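Novice: Provided herewith: protein-v7.tsv, TSV, C-alpha atoms.
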chain	number	residue	atom	x	y	z
A	1	MET	CA	-10.90	-11.63	20.40
A	2	ASN	CA	-7.16	-11.11	20.74
A	3	ILE	CA	-4.92	-13.43	18.70
A	4	ASP	CA	-2.55	-13.95	21.64
A	5	ASN	CA	-5.35	-15.45	23.74
A	6	TYR	CA	-6.75	-17.71	21.02
A	7	ASN	CA	-5.82	-21.38	20.76
A	8	PHE	CA	-5.88	-22.51	17.12
A	9	ASN	CA	-5.34	-26.19	17.99
A	10	GLY	CA	-7.48	-28.33	15.68
A	11	LYS	CA	-8.95	-25.24	13.99
A	12	LYS	CA	-8.87	-24.21	10.37
A	13	ALA	CA	-7.94	-20.53	10.16
A	14	ILE	CA	-8.49	-18.44	7.05
A	15	VAL	CA	-6.12	-15.48	7.11
A	16	ARG	CA	-6.37	-12.42	4.87
A	17	VAL	CA	-2.81	-11.25	4.24
A	18	ASP	CA	-1.44	-8.60	1.91
A	19	PHE	CA	0.94	-10.54	-0.32
A	20	ASN	CA	0.66	-7.97	-3.12
A	21	VAL	CA	4.45	-8.00	-3.38
A	22	PRO	CA	6.45	-6.38	-6.21
A	23	LEU	CA	7.66	-8.82	-8.88
A	24	ASP	CA	10.27	-8.39	-11.63
A	25	GLU	CA	9.64	-9.36	-15.27
A	26	ASN	CA	10.51	-12.98	-14.45
A	27	GLY	CA	8.03	-13.22	-11.59
A	28	ASN	CA	10.70	-13.00	-8.87
A	29	ILE	CA	9.87	-11.08	-5.68
A	30	THR	CA	11.91	-7.88	-5.42
A	31	ASP	CA	10.79	-7.00	-1.88
A	32	ASP	CA	9.38	-9.59	0.55
A	33	THR	CA	8.59	-7.16	3.41
A	34	ARG	CA	4.88	-7.99	3.34
A	35	ILE	CA	5.48	-11.74	3.51
A	36	ARG	CA	7.89	-11.35	6.41
A	37	GLY	CA	5.44	-9.01	8.14
A	38	ALA	CA	2.71	-11.67	8.19
A	39	LEU	CA	4.92	-14.48	9.53
A	40	PRO	CA	4.26	-14.00	13.28
A	41	THR	CA	0.50	-14.47	12.73
A	42	LEU	CA	0.88	-17.44	10.38
A	43	GLU	CA	3.46	-19.11	12.61
A	44	LYS	CA	1.28	-18.68	15.73
A	45	ILE	CA	-1.56	-20.60	14.04
A	46	LEU	CA	0.71	-23.45	12.90
A	47	LYS	CA	2.54	-23.61	16.24
A	48	ASP	CA	-0.79	-23.95	18.07
A	49	GLY	CA	-1.64	-26.95	15.89
A	50	GLY	CA	-4.04	-25.24	13.52
A	51	SER	CA	-4.23	-25.52	9.74
A	52	LEU	CA	-3.82	-22.45	7.63
A	53	ILE	CA	-5.66	-21.07	4.61
A	54	ILE	CA	-3.96	-17.97	3.21
A	55	MET	CA	-5.80	-15.55	0.94
A	56	SER	CA	-4.59	-12.38	-0.75
A	57	HIS	CA	-4.92	-10.22	-3.83
A	58	MET	CA	-2.16	-9.25	-6.24
A	59	GLY	CA	-2.22	-6.30	-8.61
A	60	LYS	CA	-5.36	-5.08	-10.37
A	61	PRO	CA	-6.67	-7.87	-12.62
A	62	LYS	CA	-10.12	-6.19	-12.61
A	63	GLY	CA	-12.15	-9.32	-11.91
A	64	LYS	CA	-10.55	-11.44	-14.63
A	65	VAL	CA	-8.03	-14.27	-14.52
A	66	ASN	CA	-4.62	-12.92	-15.51
A	67	PRO	CA	-1.50	-15.14	-15.14
A	68	LYS	CA	0.61	-12.02	-14.64
A	69	PHE	CA	-1.11	-11.61	-11.24
A	70	SER	CA	-1.24	-15.26	-10.20
A	71	LEU	CA	-0.23	-15.97	-6.62
A	72	SER	CA	1.27	-19.25	-7.85
A	73	GLN	CA	4.36	-17.13	-8.55
A	74	ILE	CA	4.94	-16.58	-4.82
A	75	LYS	CA	4.00	-20.06	-3.52
A	76	ASP	CA	7.62	-21.22	-3.23
A	77	ALA	CA	8.66	-18.02	-1.44
A	78	VAL	CA	5.84	-18.46	1.09
A	79	SER	CA	6.84	-22.12	1.56
A	80	LYS	CA	10.43	-21.08	2.21
A	81	ALA	CA	9.41	-18.33	4.64
A	82	LEU	CA	7.17	-20.68	6.63
A	83	GLY	CA	9.55	-23.64	6.41
A	84	THR	CA	6.79	-25.97	5.26
A	85	GLU	CA	5.21	-27.04	1.98
A	86	VAL	CA	2.38	-24.80	0.81
A	87	LYS	CA	-0.43	-26.32	-1.25
A	88	PHE	CA	-2.07	-24.14	-3.92
A	89	ALA	CA	-5.76	-23.79	-4.84
A	90	GLU	CA	-6.03	-22.62	-8.45
A	91	ASP	CA	-9.52	-21.18	-7.90
A	92	CYS	CA	-10.19	-19.34	-4.64
A	93	ALA	CA	-13.95	-19.82	-4.95
A	94	ASN	CA	-13.71	-23.58	-5.52
A	95	ALA	CA	-11.37	-24.73	-2.78
A	96	SER	CA	-13.81	-26.47	-0.43
A	97	GLU	CA	-12.27	-29.91	-0.90
A	98	ALA	CA	-8.68	-28.68	-0.57
A	99	ALA	CA	-9.61	-26.78	2.61
A	100	ALA	CA	-11.54	-29.73	4.08
A	101	ASN	CA	-8.56	-32.05	3.53
A	102	LEU	CA	-6.09	-29.81	5.38
A	103	LYS	CA	-4.51	-31.46	8.41
A	104	PRO	CA	-3.11	-29.56	11.43
A	105	GLY	CA	0.15	-27.87	10.44
A	106	GLU	CA	-0.71	-27.82	6.73
A	107	VAL	CA	-0.98	-24.69	4.60
A	108	LEU	CA	-3.15	-23.84	1.60
A	109	LEU	CA	-2.64	-20.69	-0.49
A	110	LEU	CA	-5.69	-19.54	-2.48
A	111	GLU	CA	-5.39	-18.02	-5.94
A	112	ASN	CA	-5.76	-14.24	-6.34
A	113	LEU	CA	-9.08	-13.09	-4.84
A	114	ARG	CA	-9.36	-10.27	-7.37
A	115	PHE	CA	-9.74	-12.73	-10.24
A	116	TYR	CA	-13.38	-12.49	-9.10
A	117	PRO	CA	-15.16	-9.09	-9.39
A	118	GLU	CA	-17.12	-10.06	-6.26
A	119	GLU	CA	-13.99	-9.49	-4.14
A	120	GLU	CA	-14.03	-5.73	-4.75
A	121	GLY	CA	-17.81	-5.65	-5.15
A	122	LYS	CA	-17.90	-3.22	-8.05
A	123	PRO	CA	-20.37	-3.70	-10.94
A	124	VAL	CA	-18.58	-4.78	-14.12
A	125	GLY	CA	-19.20	-3.35	-17.60
A	126	ILE	CA	-21.40	-0.48	-16.47
A	127	GLU	CA	-20.60	3.13	-15.59
A	128	LYS	CA	-21.99	5.07	-12.62
A	129	THR	CA	-23.79	7.38	-15.03
A	130	ASP	CA	-25.49	4.51	-16.93
A	131	ALA	CA	-29.15	3.63	-16.47
A	132	GLY	CA	-29.44	0.53	-14.35
A	133	TYR	CA	-26.23	1.18	-12.43
A	134	GLU	CA	-27.98	1.16	-9.02
A	135	ASP	CA	-29.61	-2.22	-9.79
A	136	ALA	CA	-26.26	-3.63	-10.95
A	137	LYS	CA	-24.65	-2.32	-7.76
A	138	LYS	CA	-27.31	-3.99	-5.61
A	139	GLU	CA	-26.89	-7.28	-7.47
A	140	MET	CA	-23.10	-7.16	-7.09
A	141	LYS	CA	-23.40	-6.50	-3.34
A	142	GLN	CA	-25.47	-9.68	-3.06
A	143	ARG	CA	-22.91	-11.63	-5.09
A	144	GLN	CA	-20.16	-10.21	-2.89
A	145	LYS	CA	-21.92	-11.55	0.22
A	146	GLU	CA	-22.21	-15.01	-1.37
A	147	PHE	CA	-18.52	-14.93	-2.34
A	148	ALA	CA	-17.53	-13.94	1.21
A	149	LYS	CA	-19.77	-16.67	2.65
A	150	LYS	CA	-18.06	-19.23	0.41
A	151	LEU	CA	-14.60	-18.15	1.61
A	152	ALA	CA	-15.81	-18.24	5.22
A	153	SER	CA	-17.09	-21.80	4.78
A	154	TYR	CA	-13.51	-23.08	4.44
A	155	ALA	CA	-12.59	-22.28	8.04
A	156	ASP	CA	-13.54	-22.13	11.73
A	157	VAL	CA	-11.84	-18.83	12.43
A	158	TYR	CA	-11.03	-15.64	10.50
A	159	VAL	CA	-7.93	-13.51	10.98
A	160	ASN	CA	-7.36	-10.22	9.17
A	161	ASP	CA	-3.67	-9.36	8.96
A	162	ALA	CA	-3.84	-7.29	5.76
A	163	PHE	CA	-3.48	-3.68	6.84
A	164	GLY	CA	-2.66	-2.68	3.26
A	165	THR	CA	-6.29	-3.37	2.26
A	166	ALA	CA	-7.99	-2.47	5.56
A	167	HIS	CA	-9.44	0.68	3.95
A	168	ARG	CA	-11.40	-1.39	1.43
A	169	LYS	CA	-14.80	-2.93	2.14
A	170	HIS	CA	-13.96	-6.02	0.11
A	171	ALA	CA	-15.34	-9.53	0.50
A	172	SER	CA	-12.18	-10.87	2.16
A	173	THR	CA	-11.35	-7.81	4.29
A	174	ALA	CA	-14.70	-6.85	5.80
A	175	VAL	CA	-17.76	-8.73	4.50
A	176	ILE	CA	-16.39	-12.18	5.46
A	177	ALA	CA	-16.26	-11.16	9.14
A	178	ASP	CA	-20.08	-11.24	9.25
A	179	TYR	CA	-19.95	-15.04	8.94
A	180	PHE	CA	-17.90	-15.59	12.11
A	181	ASP	CA	-18.89	-15.18	15.76
A	182	ALA	CA	-17.12	-12.45	17.74
A	183	GLN	CA	-14.84	-14.97	19.48
A	184	ASP	CA	-13.77	-16.47	16.13
A	185	LYS	CA	-12.59	-13.35	14.30
A	186	MET	CA	-9.60	-11.20	15.16
A	187	LEU	CA	-6.81	-8.94	13.93
A	188	GLY	CA	-3.41	-10.50	13.27
A	189	TYR	CA	-0.20	-9.28	14.91
A	190	LEU	CA	0.72	-7.06	11.96
A	191	MET	CA	-2.69	-5.35	11.92
A	192	GLU	CA	-2.49	-4.73	15.66
A	193	LYS	CA	0.95	-3.13	15.26
A	194	GLU	CA	-0.21	-0.97	12.35
A	195	VAL	CA	-3.29	0.29	14.20
A	196	LYS	CA	-1.10	1.13	17.21
A	197	ALA	CA	1.43	3.04	15.04
A	198	VAL	CA	-1.36	5.15	13.55
A	199	ASP	CA	-2.75	5.83	17.04
A	200	ASN	CA	0.73	7.00	18.05
A	201	ILE	CA	0.72	9.63	15.30
A	202	LEU	CA	-2.93	10.70	15.66
A	203	SER	CA	-3.23	10.94	19.41
A	204	ASP	CA	-0.28	13.28	19.85
A	205	ILE	CA	1.13	15.02	16.75
A	206	LYS	CA	4.45	16.55	17.70
A	207	ARG	CA	5.32	19.57	15.55
A	208	PRO	CA	6.68	20.37	13.08
A	209	PHE	CA	4.86	17.64	11.11
A	210	THR	CA	6.37	16.95	7.67
A	211	ALA	CA	4.64	14.72	5.12
A	212	ILE	CA	6.40	13.55	1.97
A	213	MET	CA	4.16	12.42	-0.88
A	214	GLY	CA	5.79	10.91	-3.94
A	215	GLY	CA	4.46	9.07	-6.95
A	216	SER	CA	3.82	9.63	-10.61
A	217	LYS	CA	0.34	11.16	-10.53
A	218	VAL	CA	-1.30	14.00	-8.64
A	219	SER	CA	-4.71	12.44	-9.35
A	220	THR	CA	-4.03	9.32	-7.27
A	221	LYS	CA	-2.94	11.38	-4.25
A	222	ILE	CA	-5.34	14.33	-4.38
A	223	GLY	CA	-7.64	13.22	-1.52
A	224	ILE	CA	-4.67	12.48	0.69
A	225	ILE	CA	-2.94	15.77	-0.14
A	226	GLU	CA	-6.08	17.78	0.61
A	227	ASN	CA	-6.63	16.01	3.93
A	228	LEU	CA	-3.02	16.45	4.99
A	229	MET	CA	-3.25	20.19	4.34
A	230	ASP	CA	-5.10	20.62	7.65
A	231	LYS	CA	-2.57	18.59	9.61
A	232	VAL	CA	0.96	19.23	8.38
A	233	ASP	CA	3.43	22.09	8.67
A	234	ASN	CA	5.56	21.01	5.69
A	235	LEU	CA	4.31	19.12	2.63
A	236	ILE	CA	6.86	17.77	0.14
A	237	LEU	CA	5.39	16.71	-3.21
A	238	CYS	CA	7.90	14.84	-5.32
A	239	GLY	CA	8.34	12.09	-7.92
A	240	GLY	CA	6.52	12.26	-11.24
A	241	MET	CA	3.93	14.74	-9.99
A	242	THR	CA	6.73	17.35	-9.87
A	243	TYR	CA	6.34	17.91	-13.60
A	244	THR	CA	2.59	18.45	-13.50
A	245	PHE	CA	3.20	21.27	-11.00
A	246	ALA	CA	6.03	22.68	-13.13
A	247	LYS	CA	3.90	22.74	-16.28
A	248	ALA	CA	0.97	24.24	-14.36
A	249	GLN	CA	3.23	27.20	-13.54
A	250	GLY	CA	4.18	27.66	-17.19
A	251	GLY	CA	7.26	25.46	-17.23
A	252	LYS	CA	8.54	23.27	-20.07
A	253	VAL	CA	8.80	19.63	-18.99
A	254	GLY	CA	10.17	17.89	-22.12
A	255	GLN	CA	9.21	14.22	-22.19
A	256	SER	CA	8.55	14.04	-18.43
A	257	ILE	CA	5.46	12.32	-17.10
A	258	CYS	CA	2.74	14.96	-16.77
A	259	GLU	CA	-1.03	15.00	-16.25
A	260	ASP	CA	-2.11	17.73	-18.63
A	261	ASP	CA	-5.70	17.51	-17.38
A	262	LYS	CA	-4.63	18.19	-13.79
A	263	LEU	CA	-2.81	21.50	-14.23
A	264	ASP	CA	-5.65	23.52	-12.65
A	265	LEU	CA	-5.72	21.02	-9.78
A	266	ALA	CA	-1.99	21.55	-9.19
A	267	LEU	CA	-2.47	25.33	-9.04
A	268	ASP	CA	-5.41	24.83	-6.67
A	269	ILE	CA	-3.22	22.75	-4.33
A	270	MET	CA	-0.58	25.49	-4.34
A	271	ARG	CA	-3.22	28.12	-3.53
A	272	LYS	CA	-4.67	26.06	-0.66
A	273	ALA	CA	-1.24	25.44	0.84
A	274	LYS	CA	-0.60	29.20	0.85
A	275	GLU	CA	-4.01	29.92	2.42
A	276	LYS	CA	-3.44	27.36	5.18
A	277	GLY	CA	0.12	28.41	5.89
A	278	VAL	CA	1.57	25.06	4.84
A	279	ASN	CA	5.16	25.14	3.57
A	280	LEU	CA	4.76	23.38	0.19
A	281	VAL	CA	8.07	22.05	-1.09
A	282	LEU	CA	8.22	21.29	-4.83
A	283	GLY	CA	11.16	20.32	-7.01
A	284	THR	CA	13.15	23.20	-8.51
A	285	ASP	CA	15.78	21.14	-10.36
A	286	CYS	CA	15.91	17.57	-11.57
A	287	VAL	CA	18.11	14.86	-13.06
A	288	ALA	CA	16.87	14.68	-16.64
A	289	ALA	CA	17.63	11.68	-18.84
A	290	ASP	CA	17.54	11.00	-22.58
A	291	SER	CA	15.79	7.63	-22.06
A	292	PHE	CA	14.00	5.68	-19.35
A	293	SER	CA	16.94	3.47	-18.38
A	294	ASN	CA	19.66	3.25	-15.76
A	295	ASP	CA	22.33	3.90	-18.39
A	296	ALA	CA	20.70	6.99	-19.90
A	297	LYS	CA	22.75	10.14	-20.43
A	298	THR	CA	21.77	12.72	-17.82
A	299	GLN	CA	22.04	16.40	-17.01
A	300	ILE	CA	20.86	18.61	-14.15
A	301	VAL	CA	18.24	21.07	-15.38
A	302	SER	CA	15.56	23.35	-13.96
A	303	CYS	CA	12.18	21.62	-13.52
A	304	MET	CA	10.74	24.63	-15.32
A	305	ASP	CA	12.95	24.23	-18.38
A	306	ILE	CA	13.53	20.61	-19.33
A	307	PRO	CA	14.76	20.38	-22.94
A	308	GLU	CA	12.75	18.44	-25.52
A	309	GLY	CA	13.79	14.79	-25.66
A	310	LEU	CA	14.69	14.67	-21.97
A	311	GLU	CA	12.57	13.48	-19.03
A	312	GLY	CA	12.96	14.16	-15.32
A	313	LEU	CA	13.74	10.92	-13.47
A	314	ASP	CA	15.03	12.16	-10.10
A	315	ALA	CA	15.30	15.21	-7.86
A	316	GLY	CA	18.28	17.50	-8.47
A	317	PRO	CA	20.80	18.70	-5.85
A	318	GLU	CA	18.96	21.97	-5.01
A	319	THR	CA	15.71	20.08	-4.52
A	320	ARG	CA	17.39	17.44	-2.34
A	321	LYS	CA	18.66	20.22	-0.06
A	322	ALA	CA	15.16	21.71	0.17
A	323	PHE	CA	13.77	18.27	1.08
A	324	ARG	CA	16.38	17.83	3.81
A	325	ASP	CA	15.66	21.29	5.26
A	326	ALA	CA	11.94	20.48	5.54
A	327	ILE	CA	12.59	17.10	7.18
A	328	LYS	CA	15.61	17.39	9.48
A	329	ASP	CA	13.93	19.39	12.28
A	330	ALA	CA	10.51	17.69	12.06
A	331	LYS	CA	9.13	15.86	15.09
A	332	THR	CA	6.51	13.84	13.17
A	333	ILE	CA	7.26	12.48	9.69
A	334	LEU	CA	5.15	10.56	7.20
A	335	TRP	CA	6.69	9.28	3.95
A	336	ASN	CA	4.68	7.74	1.12
A	337	GLY	CA	6.22	7.52	-2.35
A	338	PRO	CA	9.75	7.96	-3.77
A	339	ALA	CA	11.30	11.08	-5.27
A	340	GLY	CA	12.46	9.44	-8.48
A	341	VAL	CA	12.87	6.18	-10.36
A	342	PHE	CA	14.71	4.64	-7.42
A	343	GLU	CA	14.59	1.18	-9.05
A	344	PHE	CA	17.44	2.45	-11.27
A	345	ASP	CA	20.59	2.85	-9.15
A	346	ASN	CA	21.58	6.04	-10.97
A	347	PHE	CA	18.30	7.74	-10.00
A	348	THR	CA	18.16	7.06	-6.26
A	349	ALA	CA	19.72	10.31	-4.99
A	350	GLY	CA	16.40	12.12	-4.33
A	351	SER	CA	14.84	9.23	-2.43
A	352	ARG	CA	18.12	8.64	-0.60
A	353	ALA	CA	18.22	12.29	0.52
A	354	ILE	CA	14.71	11.93	1.94
A	355	ALA	CA	15.57	8.65	3.68
A	356	ASP	CA	18.80	10.04	5.18
A	357	ALA	CA	17.02	13.16	6.48
A	358	ILE	CA	14.29	11.02	8.04
A	359	VAL	CA	16.92	8.86	9.77
A	360	GLU	CA	18.65	12.01	11.02
A	361	ALA	CA	15.38	13.43	12.41
A	362	THR	CA	14.42	10.08	13.96
A	363	ASP	CA	17.80	9.95	15.67
A	364	LYS	CA	16.97	13.33	17.20
A	365	GLY	CA	13.65	12.01	18.59
A	366	ALA	CA	11.12	12.37	15.75
A	367	PHE	CA	8.43	9.72	15.21
A	368	SER	CA	8.83	8.62	11.58
A	369	LEU	CA	6.34	6.47	9.75
A	370	VAL	CA	7.24	5.11	6.30
A	371	GLY	CA	4.42	3.51	4.33
A	372	GLY	CA	3.49	2.40	0.84
A	373	GLY	CA	5.18	-0.29	-1.23
A	374	ASP	CA	7.72	1.93	-3.00
A	375	SER	CA	8.76	3.86	0.12
A	376	VAL	CA	9.23	0.59	1.99
A	377	ALA	CA	11.28	-0.78	-0.92
A	378	CYS	CA	13.38	2.42	-0.74
A	379	VAL	CA	14.30	2.15	2.93
A	380	ASN	CA	15.01	-1.56	2.46
A	381	LYS	CA	17.20	-0.89	-0.58
A	382	PHE	CA	19.18	1.67	1.41
A	383	GLY	CA	19.39	-0.62	4.46
A	384	LEU	CA	17.68	1.99	6.66
A	385	ALA	CA	14.43	0.24	7.66
A	386	ASP	CA	15.66	-0.31	11.22
A	387	GLN	CA	16.56	3.38	11.61
A	388	VAL	CA	13.05	4.82	11.24
A	389	SER	CA	10.32	4.53	13.90
A	390	TYR	CA	7.91	2.33	11.96
A	391	VAL	CA	7.70	0.80	8.50
A	392	SER	CA	4.08	0.24	7.50
A	393	THR	CA	2.92	-2.40	5.03
A	394	GLY	CA	-0.07	-0.23	4.14
A	395	GLY	CA	-0.18	2.58	1.60
A	396	GLY	CA	-3.74	3.83	1.16
A	397	ALA	CA	-4.86	2.25	4.43
A	398	LEU	CA	-2.14	4.01	6.36
A	399	LEU	CA	-2.99	7.39	4.85
A	400	GLU	CA	-6.74	7.00	5.31
A	401	ALA	CA	-6.17	5.99	8.93
A	402	ILE	CA	-4.02	9.08	9.45
A	403	GLU	CA	-6.80	11.16	7.93
A	404	GLY	CA	-8.95	9.78	10.76
A	405	LYS	CA	-11.20	7.65	8.57
A	406	VAL	CA	-12.72	4.43	9.92
A	407	LEU	CA	-11.08	1.44	8.22
A	408	PRO	CA	-13.70	-1.18	7.25
A	409	GLY	CA	-11.21	-4.04	7.77
A	410	VAL	CA	-10.67	-2.97	11.37
A	411	ALA	CA	-14.31	-2.04	12.08
A	412	ALA	CA	-15.50	-5.46	10.83
A	413	ILE	CA	-13.55	-7.08	13.69
A	414	LYS	CA	-13.66	-4.45	16.42
A	415	GLY	CA	-17.11	-3.08	15.70
When written as structure tokens, how does the structure in this file appear?

Specialist:
Amino acid sequence: MNIDNYNFNGKKAIVRVDFNVPLDENGNITDDTRIRGALPTLEKILKDGGSLIIMSHMGKPKGKVNPKFSLSQIKDAVSKALGTEVKFAEDCANASEAAANLKPGEVLLLENLRFYPEEEGKPVGIEKTDAGYEDAKKEMKQRQKEFAKKLASYADVYVNDAFGTAHRKHASTAVIADYFDAQDKMLGYLMEKEVKAVDNILSDIKRPFTAIMGGSKVSTKIGIIENLMDKVDNLILCGGMTYTFAKAQGGKVGQSICEDDKLDLALDIMRKAKEKGVNLVLGTDCVAADSFSNDAKTQIVSCMDIPEGLEGLDAGPETRKAFRDAIKDAKTILWNGPAGVFEFDNFTAGSRAIADAIVEATDKGAFSLVGGGDSVACVNKFGLADQVSYVSTGGGALLEAIEGKVLPGVAAIKG
């Protein structure tokens, strides 16, 4: 079913959104892109005369209630965005009465789905290598189905508009779809746009193809990096992982973030890039600071020789130029992850250089796709979101889709 052709009048719609928005230490939203992205879908339901049940996760509470990840913190922001009062259910698995009492035009926000381990469907308190793990896994899968069935019971129709979690086979993103007929489950507007953007990149890669992967750890990006090796011409690896690569090559990284147990992996990535003819661009110099703060004293040093007591927090001028050279003539660009601690104004230069080069290439006809929370926050901070081809709300989902993997959240609706 297509959302445009569906009339929600008199229906209760349960919508999976991705409201995993970044919050500051006081619980204030620092980037509301994901909330704004879901508005067309939510507004369509309300405009039709339907009532709305919104569900999302936030953070990684690991199946336990944690006030730090409560969606109650964003209730007022959602109310303001929708222009109507939003009711709040403090327990997503015990909201039957609140859902049943919803009148047309009313909105209910459920508490964080991941306060229940059943959402992710992973056995708790047991390792994969432990005896009994397979039985625990089977039991959890059954509990996950029951949890999904409970969520489904609140509504007449299911809409998945959470591209950011479409790569997960979670209760609310895939399993729940089994409890709705084909004509009563659909993708939201945001999901449809995201799927189309990925199709644009996959169906016709224009070369050169440059991918920029940032972030603090090599380990969290290894699968993505390896998959991109067969697709890209230029691969920029930046952010905190810079220092793991530097140390792997015998460099001194001072107090910089570094995965000492991933040094062999870093060397392996470098070897594979060479074998496949991929131009691997790594940081050569950095802005090193004497503390992790915006007001820290800084100096430009080689990534291979960072003095003790200093830590690399941004790309240096030589590195920024190398980034720009690998981006400016590209015809297809994918950016996921910043080049430094861009949250601090004094350490934005690396990320800004990437963003500016992407804008320049886009202006010359490149298709540029920016995805992942931090990258999106970057282009928004720099006021450049409207100067790239597409800003995706998905991080892992976007990258897995570009790898050509089937996304469970999409398959559950489209088959």

Novice: Which residues are close to A:Asp161, i.e. within 6 Å by all atoms listed in the file, leaving aside same-chain residues fewer than 4 positions away? Reply as a list of chain:residue names.

Specialist: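 Returned residues: A:Arg16, A:Val17, A:Leu187, A:Gly188, A:Leu190, A:Met191.
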
Novice: Can you tell me which residues surround stretch 288-303 of chain A at a distance of at most 8 Å, considering all atoms listed in the file, apart from same-chain residues fewer than 5 positions away, and format the answer as a list in words?

Specialist: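 With the cut-off at 8 Å, the set is Thr242, Tyr243, Ala246, Gly251, Lys252, Val253, Gly283, Gly309, Leu310, Glu311, Gly312, Leu313, Asp314, Gly316, Phe344, Asp345, Asn346 and Phe347 of chain A.
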
Novice: Residues near stretch 30-37 of chain A, anyone? I mean within 10 Å using all atoms listed in the file, not counting same-chain ones fewer than 2 positions away, as a compact mmCIF listing (two decimals) with C-alpha atoms, keeping the file's coordinate frame.

Specialist:
# COMPACT_ATOMS: atom_id res chain seq x y z
CA VAL A 17 -2.81 -11.25 4.24
CA ASP A 18 -1.44 -8.60 1.91
CA PHE A 19 0.94 -10.54 -0.32
CA ASN A 20 0.66 -7.97 -3.12
CA VAL A 21 4.45 -8.00 -3.38
CA PRO A 22 6.45 -6.38 -6.21
CA LEU A 23 7.66 -8.82 -8.88
CA ASP A 24 10.27 -8.39 -11.63
CA GLY A 27 8.03 -13.22 -11.59
CA ASN A 28 10.70 -13.00 -8.87
CA LEU A 39 4.92 -14.48 9.53
CA PRO A 40 4.26 -14.00 13.28
CA THR A 41 0.50 -14.47 12.73
CA LEU A 42 0.88 -17.44 10.38
CA ILE A 74 4.94 -16.58 -4.82
CA ALA A 77 8.66 -18.02 -1.44
CA VAL A 78 5.84 -18.46 1.09
CA ALA A 81 9.41 -18.33 4.64
CA LEU A 82 7.17 -20.68 6.63
CA ASP A 161 -3.67 -9.36 8.96
CA ALA A 162 -3.84 -7.29 5.76
CA GLY A 164 -2.66 -2.68 3.26
CA TYR A 189 -0.20 -9.28 14.91
CA LEU A 190 0.72 -7.06 11.96
CA MET A 191 -2.69 -5.35 11.92
CA GLY A 373 5.18 -0.29 -1.23
CA ASP A 374 7.72 1.93 -3.00
CA VAL A 376 9.23 0.59 1.99
CA ALA A 377 11.28 -0.78 -0.92
CA CYS A 378 13.38 2.42 -0.74
CA ASN A 380 15.01 -1.56 2.46
CA LYS A 381 17.20 -0.89 -0.58
CA VAL A 391 7.70 0.80 8.50
CA SER A 392 4.08 0.24 7.50
CA THR A 393 2.92 -2.40 5.03
CA GLY A 394 -0.07 -0.23 4.14

Novice: Please, what distance in Å, to one decimal, runs between atom CA of A:Leu398 and atom CA of A:Leu334?

Specialist: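 Straight-line distance from atom CA of A:Leu398 to atom CA of A:Leu334 works out to 9.8 Å.
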
Novice: Name all residues at most 7 Å from A:Lys62 (count only C-alpha atoms; drop same-chain ones fewer than 3 positions away) and give them as an MDAnalysis selection string.

Specialist: chainID A and resid 114:115 117

Novice: Write to file, as a JSON list (two decimals), in the frame of the given file, the residues of the selection just made, with C-alpha atoms.

Specialist:
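The resulting part_28.json:
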[["chain", "number", "residue", "atom", "x", "y", "z"],
["A", 114, "ARG", "CA", -9.36, -10.27, -7.37],
["A", 115, "PHE", "CA", -9.74, -12.73, -10.24],
["A", 117, "PRO", "CA", -15.16, -9.09, -9.39]]

Novice: Compare A:Cys238, A:Ala89, A:Ile201, A:Ala98 by their minimum atom-to-atom distance to A:Ser70, counting only C-alpha atoms, and give me the closest one.

Specialist: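 Closest to A:Ser70, using only C-alpha atoms: A:Ala89.
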
Novice: Please determine, counting only C-alpha atoms, which residue among A:Ile3, A:Pro61, A:Asp268, A:Phe88 has the shortest atom-to-atom distance to A:Asp76.

Specialist: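 Residue with the minimum atom-to-atom distance to A:Asp76: A:Phe88.
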
Novice: Tell me, as a PyMOL selection string, which residues lie within 7 Å of stretch 101-106 of chain A, counting only C-alpha atoms; anything in the same chain fewer than 3 positions away does not count.

Specialist: chain A and resi 10+46+49-52+97-98

Novice: A:Met58, A:Leu202, A:Leu407, A:Ile225: which is nearest A:Asn336, counting only C-alpha atoms?

Specialist: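 Answer, going by the shortest atom-to-atom distance: A:Ile225.
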
Novice: Please indicate the distance in Å from atom CA of A:Phe323 to atom CA of A:Thr284, rounded to one decimal place.

Specialist: 10.8 Å

Novice: Pick the closest to A:Lys68 from A:Ala13, A:Asn112, A:Glu259, A:Ile205: which is it, counting only C-alpha atoms?

Specialist: A:Asn112
